[in-house]
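Visitor: Next comes the structure file coords07.tsv, holding TSV, C-alpha atoms and all ligand atoms.
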```
chain	number	residue	atom	x	y	z
K	1	MET	CA	23.44	-11.14	1.31
K	2	LEU	CA	25.75	-11.54	-1.69
K	3	HIS	CA	24.96	-9.86	-4.96
K	4	SER	CA	26.30	-12.19	-7.55
K	5	GLY	CA	24.06	-11.19	-10.48
K	6	GLU	CA	25.78	-9.84	-13.54
K	7	ALA	CA	25.58	-6.12	-14.06
K	8	ARG	CA	23.38	-5.86	-17.15
K	9	LYS	CA	24.02	-3.31	-19.83
K	10	LEU	CA	21.13	-0.89	-19.59
K	11	LYS	CA	20.84	2.60	-20.94
K	12	TYR	CA	21.94	5.30	-18.57
K	13	PRO	CA	24.47	8.07	-18.97
K	14	ARG	CA	27.91	6.59	-19.63
K	15	GLU	CA	29.48	8.94	-17.11
K	16	SER	CA	26.96	7.90	-14.43
K	17	THR	CA	28.27	6.53	-11.14
K	18	LEU	CA	25.18	4.32	-10.82
K	19	SER	CA	25.64	0.57	-10.91
K	20	LEU	CA	22.62	-1.55	-11.72
K	21	THR	CA	22.65	-5.28	-11.02
K	22	GLU	CA	20.00	-7.93	-11.37
K	23	ILE	CA	19.87	-9.85	-8.07
K	24	THR	CA	16.91	-12.14	-8.74
K	25	ALA	CA	18.87	-15.34	-8.14
K	26	ASP	CA	20.18	-14.10	-4.79
K	27	ALA	CA	16.79	-12.73	-3.75
K	28	ALA	CA	15.21	-16.12	-4.48
K	29	ARG	CA	16.75	-17.32	-1.21
K	30	SER	CA	14.52	-14.95	0.75
K	31	GLU	CA	11.42	-16.47	2.36
K	32	ALA	CA	9.42	-13.56	0.94
K	33	PHE	CA	10.55	-14.22	-2.67
K	34	ASP	CA	7.28	-15.81	-3.88
K	35	GLY	CA	8.29	-16.31	-7.53
K	36	HIS	CA	9.24	-12.69	-8.27
K	37	GLU	CA	10.04	-12.18	-11.95
K	38	CYS	CA	12.94	-9.80	-11.49
K	39	ILE	CA	14.78	-7.87	-8.78
K	40	TRP	CA	17.16	-4.98	-9.48
K	41	LEU	CA	19.70	-3.44	-7.15
K	42	GLY	CA	20.75	0.14	-7.88
K	43	ARG	CA	23.85	1.41	-6.09
K	44	ASP	CA	25.57	4.73	-6.23
K	45	ASP	CA	27.98	5.21	-3.34
K	46	LYS	CA	28.92	8.71	-4.49
K	47	ARG	CA	25.31	9.91	-4.41
K	48	GLY	CA	24.20	7.79	-1.43
K	49	LEU	CA	21.75	5.52	-3.27
K	50	THR	CA	20.95	1.93	-2.39
K	51	ALA	CA	17.65	1.01	-4.04
K	52	ILE	CA	15.87	-2.25	-4.77
K	53	VAL	CA	13.20	-2.50	-7.46
K	54	ALA	CA	11.15	-5.70	-7.20
K	55	ILE	CA	8.93	-6.82	-10.07
K	56	HIS	CA	6.62	-9.55	-8.84
K	57	ASN	CA	4.23	-10.41	-11.65
K	58	THR	CA	3.46	-8.78	-14.98
K	59	ALA	CA	0.75	-11.16	-16.27
K	60	LEU	CA	-1.81	-8.34	-16.22
K	61	GLY	CA	0.48	-5.51	-17.38
K	62	PRO	CA	3.64	-3.59	-16.50
K	63	ALA	CA	4.60	-3.43	-12.84
K	64	LEU	CA	3.20	-0.44	-10.94
K	65	GLY	CA	3.95	0.37	-7.31
K	66	GLY	CA	5.28	3.13	-5.08
K	67	THR	CA	8.80	3.85	-3.92
K	68	ARG	CA	9.37	3.72	-0.18
K	69	ILE	CA	12.27	5.61	1.38
K	70	TRP	CA	13.06	4.11	4.76
K	71	PRO	CA	16.20	3.52	6.87
K	72	HIS	CA	15.85	-0.28	7.08
K	73	GLU	CA	18.12	-1.80	9.69
K	74	SER	CA	19.74	-4.13	7.14
K	75	PHE	CA	19.76	-4.94	3.44
K	76	ASP	CA	17.86	-8.16	4.12
K	77	ALA	CA	15.15	-6.26	6.03
K	78	ALA	CA	14.76	-3.91	3.05
K	79	LEU	CA	14.63	-6.85	0.65
K	80	THR	CA	11.93	-8.59	2.69
K	81	ASP	CA	9.96	-5.34	2.86
K	82	VAL	CA	10.11	-4.70	-0.90
K	83	LEU	CA	9.27	-8.31	-1.77
K	84	ARG	CA	6.20	-8.34	0.48
K	85	LEU	CA	5.02	-4.97	-0.76
K	86	SER	CA	5.59	-5.86	-4.40
K	87	ARG	CA	3.62	-9.10	-4.09
K	88	GLY	CA	0.82	-7.13	-2.43
K	89	MET	CA	0.70	-4.80	-5.45
K	90	THR	CA	0.10	-7.76	-7.79
K	91	TYR	CA	-2.93	-8.78	-5.74
K	92	LYS	CA	-4.14	-5.21	-5.33
K	93	SER	CA	-4.10	-4.41	-9.05
K	94	ALA	CA	-5.67	-7.75	-9.93
K	95	VAL	CA	-8.49	-7.68	-7.38
K	96	VAL	CA	-9.69	-4.22	-8.47
K	97	GLY	CA	-9.34	-5.12	-12.15
K	98	LEU	CA	-6.43	-2.87	-13.21
K	99	PRO	CA	-4.29	-3.75	-16.23
K	100	PHE	CA	-1.06	-3.60	-14.19
K	101	GLY	CA	1.27	-6.01	-12.53
K	102	GLY	CA	2.85	-5.81	-9.11
K	103	GLY	CA	6.11	-4.07	-8.32
K	104	LYS	CA	7.59	-1.89	-5.62
K	105	ALA	CA	10.82	-0.10	-4.80
K	106	VAL	CA	12.63	0.74	-1.60
K	107	ILE	CA	15.44	3.20	-1.17
K	108	ILE	CA	17.41	2.54	1.99
K	109	ALA	CA	17.76	6.01	3.50
K	110	ASP	CA	16.28	8.21	6.17
K	111	PRO	CA	13.77	10.39	4.30
K	112	LYS	CA	14.36	13.23	6.79
K	113	THR	CA	18.16	13.38	6.47
K	114	GLY	CA	19.29	11.22	3.55
K	115	LYS	CA	16.89	12.22	0.76
K	116	THR	CA	19.23	14.54	-1.15
K	117	PRO	CA	18.72	15.81	-4.72
K	118	GLU	CA	21.80	13.75	-5.69
K	119	LEU	CA	20.22	10.57	-4.34
K	120	LEU	CA	16.99	11.28	-6.23
K	121	GLU	CA	18.99	12.05	-9.41
K	122	ALA	CA	20.66	8.65	-9.15
K	123	TYR	CA	17.30	6.96	-8.55
K	124	ALA	CA	15.81	8.73	-11.59
K	125	GLU	CA	18.65	7.26	-13.66
K	126	MET	CA	17.86	3.82	-12.28
K	127	LEU	CA	14.18	4.17	-13.27
K	128	ALA	CA	15.14	5.42	-16.74
K	129	ALA	CA	17.49	2.49	-17.19
K	130	LEU	CA	14.67	0.05	-16.43
K	131	GLU	CA	13.03	1.30	-19.63
K	132	GLY	CA	9.37	0.98	-18.75
K	133	GLN	CA	9.58	-2.27	-16.76
K	134	PHE	CA	8.47	-0.39	-13.64
K	135	PHE	CA	6.12	2.56	-13.04
K	136	THR	CA	6.29	4.20	-9.64
K	137	GLY	CA	5.00	7.01	-7.43
K	138	GLU	CA	4.59	8.06	-3.78
K	139	ASP	CA	4.91	5.86	-0.75
K	140	VAL	CA	6.20	6.38	2.79
K	141	GLY	CA	9.11	8.85	2.56
K	142	LEU	CA	8.51	9.86	-1.07
K	143	THR	CA	6.36	12.96	-1.50
K	144	VAL	CA	4.52	14.54	-4.43
K	145	ALA	CA	7.41	17.05	-4.69
K	146	ASP	CA	9.85	14.13	-4.97
K	147	ALA	CA	7.64	12.53	-7.64
K	148	ASP	CA	7.73	15.82	-9.56
K	149	PHE	CA	11.52	15.89	-9.25
K	150	LEU	CA	11.79	12.33	-10.62
K	151	ARG	CA	9.21	12.96	-13.37
K	152	ALA	CA	11.25	15.88	-14.67
K	153	ARG	CA	14.05	13.37	-15.31
K	154	THR	CA	12.31	10.14	-16.29
K	155	PRO	CA	8.85	9.34	-17.71
K	156	ASN	CA	7.67	6.40	-15.61
K	157	VAL	CA	6.59	8.35	-12.54
K	158	THR	CA	2.96	8.89	-11.47
K	159	GLY	CA	1.26	10.96	-8.78
K	160	THR	CA	2.89	14.16	-9.99
K	161	THR	CA	1.33	17.61	-9.94
K	162	ARG	CA	1.80	18.79	-13.54
K	163	GLY	CA	-0.24	16.59	-15.89
K	164	GLY	CA	-0.47	13.96	-13.17
K	165	SER	CA	-3.03	12.99	-10.55
K	166	GLY	CA	-1.26	14.59	-7.56
K	167	ASN	CA	-1.36	13.25	-4.03
K	168	PRO	CA	-3.10	9.83	-3.97
K	169	SER	CA	-3.88	9.91	-0.22
K	170	PRO	CA	-7.27	11.69	-0.36
K	171	VAL	CA	-8.39	9.19	-3.00
K	172	THR	CA	-7.19	6.30	-0.86
K	173	ALA	CA	-9.16	7.83	2.04
K	174	GLU	CA	-12.30	8.04	-0.13
K	175	GLY	CA	-11.98	4.32	-0.93
K	176	VAL	CA	-11.52	3.48	2.76
K	177	PHE	CA	-14.51	5.66	3.68
K	178	LEU	CA	-16.72	3.88	1.12
K	179	GLY	CA	-15.29	0.54	2.28
K	180	ILE	CA	-16.19	1.25	5.92
K	181	LYS	CA	-19.74	1.98	4.83
K	182	ALA	CA	-19.88	-1.27	2.85
K	183	ALA	CA	-18.66	-3.20	5.89
K	184	LEU	CA	-21.27	-1.54	8.11
K	185	ARG	CA	-23.98	-2.34	5.58
K	186	HIS	CA	-22.93	-5.97	5.47
K	187	ARG	CA	-22.48	-6.44	9.21
K	188	LEU	CA	-25.08	-4.10	10.71
K	189	GLY	CA	-27.52	-3.61	7.83
K	190	THR	CA	-27.01	0.16	7.70
K	191	ASP	CA	-24.32	2.46	6.35
K	192	ARG	CA	-25.45	5.50	8.34
K	193	LEU	CA	-22.48	6.86	10.21
K	194	ASP	CA	-24.17	9.10	12.75
K	195	GLY	CA	-23.74	7.57	16.15
K	196	MET	CA	-21.21	4.98	14.90
K	197	VAL	CA	-17.95	4.84	16.81
K	198	ILE	CA	-14.85	4.57	14.63
K	199	ALA	CA	-11.37	4.09	16.11
K	200	VAL	CA	-8.74	5.49	13.73
K	201	GLN	CA	-5.09	4.56	14.25
K	202	GLY	CA	-2.82	7.08	12.55
K	203	LEU	CA	-3.67	10.66	11.60
K	204	GLY	CA	-1.36	11.00	8.60
K	205	SER	CA	-2.34	11.81	5.03
K	206	VAL	CA	-4.94	9.06	4.73
K	207	GLY	CA	-6.08	8.89	8.37
K	208	TRP	CA	-6.71	12.62	8.58
K	209	SER	CA	-8.66	12.79	5.34
K	210	LEU	CA	-10.69	9.75	6.44
K	211	CYS	CA	-11.50	11.42	9.79
K	212	GLU	CA	-12.77	14.50	7.92
K	213	LYS	CA	-15.19	12.35	5.92
K	214	LEU	CA	-16.34	10.28	8.91
K	215	HIS	CA	-16.81	13.36	11.10
K	216	GLY	CA	-18.69	15.06	8.25
K	217	GLU	CA	-21.30	12.29	8.39
K	218	GLY	CA	-21.65	12.32	12.17
K	219	ALA	CA	-19.42	9.44	13.28
K	220	ARG	CA	-17.88	9.62	16.75
K	221	LEU	CA	-14.12	9.32	16.49
K	222	ILE	CA	-11.56	7.76	18.80
K	223	VAL	CA	-8.03	8.47	17.56
K	224	SER	CA	-4.39	7.77	18.25
K	225	ASP	CA	-1.09	8.87	16.74
K	226	ILE	CA	2.46	8.87	18.01
K	227	ASP	CA	2.59	12.51	16.90
K	228	ALA	CA	0.99	14.44	19.78
K	229	ALA	CA	0.41	17.56	17.64
K	230	ARG	CA	-1.81	15.60	15.21
K	231	VAL	CA	-3.81	14.16	18.09
K	232	LYS	CA	-4.32	17.62	19.55
K	233	LYS	CA	-5.49	18.92	16.18
K	234	ALA	CA	-7.93	16.00	15.78
K	235	ARG	CA	-9.40	16.59	19.23
K	236	SER	CA	-10.18	20.12	18.28
K	237	ALA	CA	-11.21	19.59	14.61
K	238	PHE	CA	-13.38	16.51	15.14
K	239	SER	CA	-14.13	16.54	18.89
K	240	ALA	CA	-12.29	13.22	18.81
K	241	GLU	CA	-11.48	11.24	21.92
K	242	ALA	CA	-7.75	10.52	22.10
K	243	VAL	CA	-6.26	7.32	23.47
K	244	PRO	CA	-2.64	6.19	23.81
K	245	ALA	CA	-1.08	4.52	20.77
K	246	ASP	CA	-1.08	1.07	22.37
K	247	ALA	CA	-4.76	1.26	23.37
K	248	ILE	CA	-6.50	2.10	20.08
K	249	GLY	CA	-6.78	-1.54	18.95
K	250	SER	CA	-8.85	-2.54	21.96
K	251	VAL	CA	-11.26	0.36	22.51
K	252	GLU	CA	-15.05	-0.12	22.41
K	253	ALA	CA	-15.93	0.84	18.83
K	254	ASP	CA	-17.99	-0.33	15.88
K	255	VAL	CA	-15.02	-0.12	13.51
K	256	PHE	CA	-11.26	-0.27	14.04
K	257	SER	CA	-9.51	1.51	11.18
K	258	PRO	CA	-5.73	0.93	11.08
K	259	CYS	CA	-4.21	3.79	9.05
K	260	ALA	CA	-0.63	3.74	10.34
K	261	LEU	CA	1.51	0.64	10.27
K	262	GLY	CA	1.41	-2.94	9.10
K	263	GLY	CA	1.31	-5.99	11.38
K	264	VAL	CA	-1.30	-4.58	13.80
K	265	LEU	CA	-3.54	-7.66	13.61
K	266	SER	CA	-1.82	-10.62	15.21
K	267	GLN	CA	-2.34	-13.54	17.59
K	268	GLU	CA	-1.45	-11.13	20.39
K	269	THR	CA	-3.73	-8.22	19.42
K	270	ILE	CA	-6.79	-9.95	17.90
K	271	PRO	CA	-8.10	-11.36	21.24
K	272	GLY	CA	-8.27	-7.78	22.58
K	273	LEU	CA	-10.28	-6.36	19.66
K	274	LYS	CA	-13.76	-5.14	20.60
K	275	ALA	CA	-14.75	-3.68	17.24
K	276	ARG	CA	-16.91	-5.85	14.98
K	277	ILE	CA	-15.27	-4.54	11.84
K	278	VAL	CA	-11.64	-3.88	10.84
K	279	ALA	CA	-11.39	-1.57	7.83
K	280	GLY	CA	-8.43	0.74	7.30
K	281	SER	CA	-5.76	1.89	4.86
K	282	ALA	CA	-2.57	0.41	6.32
K	283	ASN	CA	-0.74	-2.07	4.10
K	284	ASN	CA	-0.04	-5.59	5.42
K	285	GLN	CA	-2.31	-5.24	8.48
K	286	LEU	CA	-2.19	-8.95	9.26
K	287	ALA	CA	0.98	-10.21	10.91
K	288	ARG	CA	0.36	-13.52	9.12
K	289	HIS	CA	-2.12	-14.38	6.34
K	290	GLU	CA	-3.71	-17.00	8.65
K	291	ASP	CA	-4.55	-14.38	11.27
K	292	ALA	CA	-7.61	-13.48	9.18
K	293	ARG	CA	-9.09	-16.78	10.33
K	294	LEU	CA	-8.71	-15.68	13.97
K	295	LEU	CA	-10.67	-12.55	13.09
K	296	MET	CA	-13.38	-14.59	11.41
K	297	GLU	CA	-13.65	-16.93	14.39
K	298	ARG	CA	-14.13	-13.93	16.68
K	299	GLY	CA	-16.93	-12.68	14.42
K	300	VAL	CA	-14.89	-9.70	13.22
K	301	LEU	CA	-15.48	-8.65	9.61
K	302	TYR	CA	-12.13	-7.86	8.01
K	303	ALA	CA	-11.97	-5.69	4.88
K	304	PRO	CA	-8.81	-7.01	3.15
K	305	ASP	CA	-6.28	-4.18	3.23
K	306	TYR	CA	-5.21	-4.30	-0.39
K	307	VAL	CA	-8.82	-4.06	-1.56
K	308	ILE	CA	-10.04	-1.25	0.69
K	309	ASN	CA	-6.85	0.82	0.23
K	310	ALA	CA	-6.70	0.49	-3.57
K	311	GLY	CA	-8.02	4.03	-4.22
K	312	GLY	CA	-4.56	5.60	-4.50
K	313	LEU	CA	-3.41	2.92	-6.91
K	314	ILE	CA	-6.55	3.32	-9.02
K	315	ASN	CA	-5.86	7.05	-9.17
K	316	VAL	CA	-2.22	6.79	-10.26
K	317	ALA	CA	-3.06	3.98	-12.72
K	318	ALA	CA	-5.56	6.35	-14.35
K	319	GLU	CA	-2.61	8.56	-15.35
K	320	LEU	CA	-1.32	5.74	-17.51
K	321	ALA	CA	-4.64	5.24	-19.35
K	322	PRO	CA	-4.40	5.82	-23.14
K	323	GLY	CA	-6.24	9.18	-23.01
K	324	GLY	CA	-4.35	10.47	-19.95
K	325	TYR	CA	-5.67	11.21	-16.46
K	326	ASP	CA	-9.41	11.67	-16.07
K	327	ARG	CA	-10.36	12.32	-12.46
K	328	ALA	CA	-14.05	11.51	-12.91
K	329	ALA	CA	-13.20	8.14	-14.45
K	330	ALA	CA	-10.76	7.41	-11.62
K	331	MET	CA	-13.33	8.31	-8.95
K	332	ALA	CA	-15.96	6.15	-10.68
K	333	ARG	CA	-13.57	3.25	-10.39
K	334	VAL	CA	-12.91	4.04	-6.70
K	335	ALA	CA	-16.69	3.84	-6.20
K	336	GLY	CA	-16.33	0.19	-7.27
K	337	ILE	CA	-14.27	-0.63	-4.14
K	338	PRO	CA	-17.34	-1.12	-1.90
K	339	VAL	CA	-18.95	-3.26	-4.61
K	340	THR	CA	-15.88	-5.53	-4.69
K	341	LEU	CA	-15.81	-5.64	-0.89
K	342	LEU	CA	-19.49	-6.59	-0.61
K	343	ASP	CA	-18.91	-9.40	-3.10
K	344	ILE	CA	-15.94	-10.62	-1.03
K	345	PHE	CA	-17.92	-10.41	2.24
K	346	GLU	CA	-20.84	-12.37	0.77
K	347	ARG	CA	-18.66	-15.07	-0.78
K	348	ALA	CA	-16.63	-15.41	2.43
K	349	GLU	CA	-19.81	-15.86	4.45
K	350	LYS	CA	-21.25	-18.42	2.04
K	351	GLN	CA	-18.04	-20.44	1.85
K	352	ASN	CA	-17.17	-19.94	5.54
K	353	LEU	CA	-13.72	-18.68	4.57
K	354	PRO	CA	-11.71	-15.66	5.70
K	355	THR	CA	-12.25	-12.58	3.52
K	356	ASN	CA	-8.58	-12.36	2.55
K	357	ASP	CA	-8.71	-15.89	1.13
K	358	ILE	CA	-11.59	-14.84	-1.12
K	359	ALA	CA	-9.79	-11.65	-2.19
K	360	ALA	CA	-6.66	-13.65	-3.06
K	361	GLU	CA	-8.77	-16.15	-4.99
K	362	ILE	CA	-10.34	-13.39	-7.11
K	363	ALA	CA	-6.91	-11.88	-7.81
K	364	MET	CA	-5.33	-15.23	-8.69
K	365	GLU	CA	-8.21	-16.16	-10.97
K	366	ARG	CA	-7.69	-12.91	-12.95
K	367	ILE	CA	-3.94	-13.55	-13.20
K	368	ARG	CA	-4.47	-17.14	-14.34
K	369	ALA	CA	-7.02	-16.01	-16.94
K	370	ALA	CA	-4.51	-13.42	-18.28
K	371	ARG	CA	-1.82	-16.10	-18.52
K	372	ARG	CA	-4.20	-18.38	-20.44
K	373	SER	CA	-5.20	-15.73	-23.00
T	401	LIG	P1	1.56	8.91	6.75
T	401	LIG	O1	3.00	8.66	6.94
T	401	LIG	O2	1.11	10.21	6.17
T	401	LIG	O3	0.77	8.72	8.13
T	401	LIG	C1	1.02	7.70	9.04
T	401	LIG	C2	0.62	8.23	10.41
T	401	LIG	O4	0.68	7.16	11.34
T	401	LIG	C3	1.55	9.33	10.93
T	401	LIG	O5	0.77	10.41	11.41
T	401	LIG	C4	2.32	8.64	12.05
T	401	LIG	O6	2.71	9.53	13.08
T	401	LIG	C5	1.29	7.65	12.53
T	401	LIG	N1	1.82	6.52	13.29
T	401	LIG	C6	2.99	5.86	13.12
T	401	LIG	N2	3.11	4.89	14.04
T	401	LIG	C7	1.97	4.91	14.79
T	401	LIG	C8	1.48	4.15	15.87
T	401	LIG	N3	2.19	3.15	16.41
T	401	LIG	N4	0.27	4.46	16.39
T	401	LIG	C9	-0.46	5.47	15.87
T	401	LIG	N5	-0.05	6.24	14.85
T	401	LIG	C10	1.15	5.96	14.30
T	401	LIG	O7	1.04	7.67	5.85
T	401	LIG	P2	-0.27	7.60	4.97
T	401	LIG	O8	0.07	7.99	3.57
T	401	LIG	O9	-1.40	8.28	5.69
T	401	LIG	O10	-0.52	6.03	4.95
T	401	LIG	C11	-1.04	5.36	6.08
T	401	LIG	C12	-1.03	3.86	5.82
T	401	LIG	O11	-1.82	3.58	4.66
T	401	LIG	C13	0.35	3.27	5.52
T	401	LIG	O12	0.41	1.94	6.00
T	401	LIG	C14	0.40	3.24	4.00
T	401	LIG	O13	1.31	2.25	3.51
T	401	LIG	C15	-1.04	2.89	3.68
T	401	LIG	N6	-1.47	3.31	2.34
T	401	LIG	C16	-1.41	4.60	1.99
T	401	LIG	C17	-1.84	4.99	0.72
T	401	LIG	C18	-1.79	6.43	0.29
T	401	LIG	O14	-2.39	6.77	-0.74
T	401	LIG	N7	-1.14	7.31	1.04
T	401	LIG	C19	-2.34	4.04	-0.18
T	401	LIG	C20	-2.41	2.70	0.23
T	401	LIG	C21	-1.97	2.35	1.50
```
For the structure just supplied, provide its representation as structure tokens.
Ligand code: NAD

Guide:
Amino acid sequence: MLHSGEARKLKYPRESTLSLTEITADAARSEAFDGHECIWLGRDDKRGLTAIVAIHNTALGPALGGTRIWPHESFDAALTDVLRLSRGMTYKSAVVGLPFGGGKAVIIADPKTGKTPELLEAYAEMLAALEGQFFTGEDVGLTVADADFLRARTPNVTGTTRGGSGNPSPVTAEGVFLGIKAALRHRLGTDRLDGMVIAVQGLGSVGWSLCEKLHGEGARLIVSDIDAARVKKARSAFSAEAVPADAIGSVEADVFSPCALGGVLSQETIPGLKARIVAGSANNQLARHEDARLLMERGVLYAPDYVINAGGLINVAAELAPGGYDRAAAMARVAGIPVTLLDIFERAEKQNLPTNDIAAEIAMERIRAARRS
């Protein structure tokens, strides 16, 4: 891809080796573009930074979304990733009623080997230069310690330890836990977890915390992770049954909870699903938006990913509230996730539409109303 946008004059140290270019016009050629308002490319060859900040829609407020550090195989792959994620943030904020727009950033680097202090310094300069257009925080590859590092250099960073809300993952897990209960209530008429079988894919920050909550209320867990040490730990901590990574999506269970990767629900995998409910934290679980219809036709209740996993976003957004971070207020808002989900489930049933269509409709209606006012 060519980057023909003009380098705009933004404020960052004159001696900086960072170059910041608006690439919206070039990015508009991507299939994933979807009317993004603005895309920035930050480059600093000396400090190893290639970062894209995508701002999808700011009708409801400034763009808020995490920064992912990942060694994408190409620039175009990174661009597609950031555009999809950024669009998802617009819907996520809107559907849970937050006064923020959608944005996201990716830094093309291996978080294990390429995430140097110099790279993060250069990225902090990029964020500062964007002057409040974009608020960010943790995502895959960017830890709370990294957020602290960035926050010490630029103000628009959330999920930090000092004065911030810390790691969002346990809050995301709480929202998923409450969302699973809402789905059980809707589908089976009970939200009691004892005796329920829940298949959890991925035992990372969210998956592990979710397993703790489910186990605490007596659910029987079937788990998988590509990290054998995590699986071993889960077997011992939760008496979980372990299955190979490629088998978790088709085990006999009441709920399948994808908490690892996106794209796990597709034309290929959906026919093998035995669970009656899919409810997990992973972003972009559906390979294609239309695959939600396949789930509906199989009688599987799907909790739209960006609704059930909004807890972390709600928590970091609370940091930006006028009075500062208030954990109780954030958790009260997370308790609204199952209420939103139940509304979506009921409307989907009444209108015979997939749940993700209803979620998108609610989000779009809020964005349209904000544009009108
Ligand atoms: P994480 O990196 O801590 O954990 C992911 C886990 O999935 C790891 O243990 C990894 O080994 C495992 N994994 C990877 N590939 C796998 C596979 N094929 N099969 C089974 N396990 C596999 O990430 P996380 O913060 O726990 O997030 C999990 C998912 O939830 C991601 O999709 C993330 O984008 C999404 N999400 C997270 C948050 C949050 O607050 N952390 C918020 C919203 C959405």

Visitor: May I have a table of the residues of chain K lying at most 6 Å from ligand LIG 401 (chain T), giving each one's closest pair of atoms and their distance in Å to one decimal, counting all atoms listed in the file, ordered by chain and ascending residue number, as a Markdown table?

Guide:
```
| residue | atom | partner | partner_atom | distance |
| --- | --- | --- | --- | --- |
| K:Val140 | CA | T:LIG401 | O1 | 5.7 |
| K:Pro168 | CA | T:LIG401 | O14 | 4.5 |
| K:Ser169 | CA | T:LIG401 | O14 | 3.5 |
| K:Thr172 | CA | T:LIG401 | O14 | 4.8 |
| K:Gln201 | CA | T:LIG401 | C9 | 5.0 |
| K:Gly202 | CA | T:LIG401 | N5 | 3.7 |
| K:Leu203 | CA | T:LIG401 | O5 | 4.5 |
| K:Gly204 | CA | T:LIG401 | O3 | 3.2 |
| K:Ser205 | CA | T:LIG401 | O9 | 3.7 |
| K:Val206 | CA | T:LIG401 | O9 | 3.7 |
| K:Gly207 | CA | T:LIG401 | O9 | 5.4 |
| K:Ser224 | CA | T:LIG401 | C9 | 5.1 |
| K:Asp225 | CA | T:LIG401 | N5 | 3.4 |
| K:Ile226 | CA | T:LIG401 | N5 | 4.8 |
| K:Asp227 | CA | T:LIG401 | O6 | 4.8 |
| K:Ala245 | CA | T:LIG401 | N4 | 4.6 |
| K:Cys259 | CA | T:LIG401 | C12 | 4.5 |
| K:Ala260 | CA | T:LIG401 | O4 | 3.8 |
| K:Leu261 | CA | T:LIG401 | O12 | 4.6 |
| K:Gly262 | CA | T:LIG401 | O12 | 5.9 |
| K:Ser281 | CA | T:LIG401 | O11 | 4.3 |
| K:Ala282 | CA | T:LIG401 | O12 | 3.4 |
| K:Asn283 | CA | T:LIG401 | O12 | 4.6 |
| K:Asn309 | CA | T:LIG401 | C20 | 4.8 |
| K:Gly312 | CA | T:LIG401 | O14 | 4.5 |
```

Visitor: Between atom CA of K:Ala240 and atom CA of K:Leu221, what distance in Å does the model show, to one decimal?

Guide: 4.9 Å

Visitor: Counting only C-alpha atoms, write as a PyMOL selection string all protein and nucleic acid residues lying at most 6 Å from (6.8, -2.0, -10.8) in the file's frame.

Guide: chain K and resi 55+63-65+102-104+134-135

Visitor: Can you work out which one of K:Ala219, K:Ala27, K:Ala145, K:Cys211 has the shortest atom-to-atom distance to K:Val82, counting all atoms listed in the file?

Guide: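 With all atoms listed in the file as the atom set, the closest residue is K:Ala27.
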
Visitor: Considering all atoms listed in the file, return as a ChimeraX atom specification whatever protein or nucleic-acid residues lie within 8 Å of K:Ile107, sequence-local ones (same chain, fewer than 5 positions apart) excluded.

Guide: /K:49-52,67-70

Visitor: Mind dumping the selected residues with C-alpha atoms as a PDB file, in the coordinates of the input?

Guide:
```
ATOM      1  CA  LEU K  49      21.750   5.520  -3.270  1.00  0.00           C
ATOM      2  CA  THR K  50      20.950   1.930  -2.390  1.00  0.00           C
ATOM      3  CA  ALA K  51      17.650   1.010  -4.040  1.00  0.00           C
ATOM      4  CA  ILE K  52      15.870  -2.250  -4.770  1.00  0.00           C
ATOM      5  CA  THR K  67       8.800   3.850  -3.920  1.00  0.00           C
ATOM      6  CA  ARG K  68       9.370   3.720  -0.180  1.00  0.00           C
ATOM      7  CA  ILE K  69      12.270   5.610   1.380  1.00  0.00           C
ATOM      8  CA  TRP K  70      13.060   4.110   4.760  1.00  0.00           C
TER       9      TRP K  70
END
```

Visitor: I'd like the neighbourhood of K:Ile344 as a tab-separated table (two decimals) with C-alpha atoms, keeping the file's coordinate frame, where a residue qualifies if any of its atoms comes within 7 Å (using all atoms listed in the file), though same-chain residues fewer than 6 positions away should be ignored.

Guide:
```tsv
chain	number	residue	atom	x	y	z
K	355	THR	CA	-12.25	-12.58	3.52
K	358	ILE	CA	-11.59	-14.84	-1.12
K	359	ALA	CA	-9.79	-11.65	-2.19
```

Visitor: Of the candidates K:Ala332, K:Ile337, K:Ala59, K:Val316, which one gets nearest to K:Ser165 if we count only C-alpha atoms?

Guide: K:Val316

Visitor: Considering all atoms listed in the file, can you say which of K:Leu20, K:Ala253, K:Leu83, K:Ala237 comes closest to K:Gly216?

Guide: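 Of K:Leu20, K:Ala253, K:Leu83, K:Ala237, the one nearest K:Gly216, counting all atoms listed in the file, is K:Ala237.
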
Visitor: Name the closest residue to K:Glu22 among the candidates K:Glu118, K:Glu37, K:Glu297, K:Glu361; distances are taken between atoms, counting only C-alpha atoms.

Guide: K:Glu37

Visitor: Separation of atom CA of K:Phe238 and atom CA of K:Arg220, in Å?

Guide: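 We find that atom CA of K:Phe238 and atom CA of K:Arg220 lie 8.4 Å from each other.
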
Visitor: Quick one: residues within 12 Å of K:Thr136, all atoms listed in the file counted, chain neighbours fewer than 6 positions away excluded, as an MDAnalysis selection string?

Guide: chainID K and resid 53:55 62:68 86 89 100:106 123:124 126:128 130 142:144 146:148 150:151 154:160 313 316:317 319:320

Visitor: From the list K:Pro170, K:Gly88, K:Gly179, K:Gly218, which residue is nearest K:Leu342 when using all atoms listed in the file?

Guide: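 Nearest candidate to K:Leu342 out of K:Pro170, K:Gly88, K:Gly179, K:Gly218: K:Gly179.
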
Visitor: As a PyMOL selection string, please: the residues near K:Met196 (cut-off 12 Å, all atoms listed in the file, same-chain neighbours under 3 positions excluded).

Guide: chain K and resi 180-181+184+188+190-193+199+214-215+217-222+252-256+275-277

Visitor: Looking at only C-alpha atoms, which of K:Ala122, K:Val197, K:Leu273, K:Val176 is the one that sits closest to K:Arg153?

Guide: K:Ala122
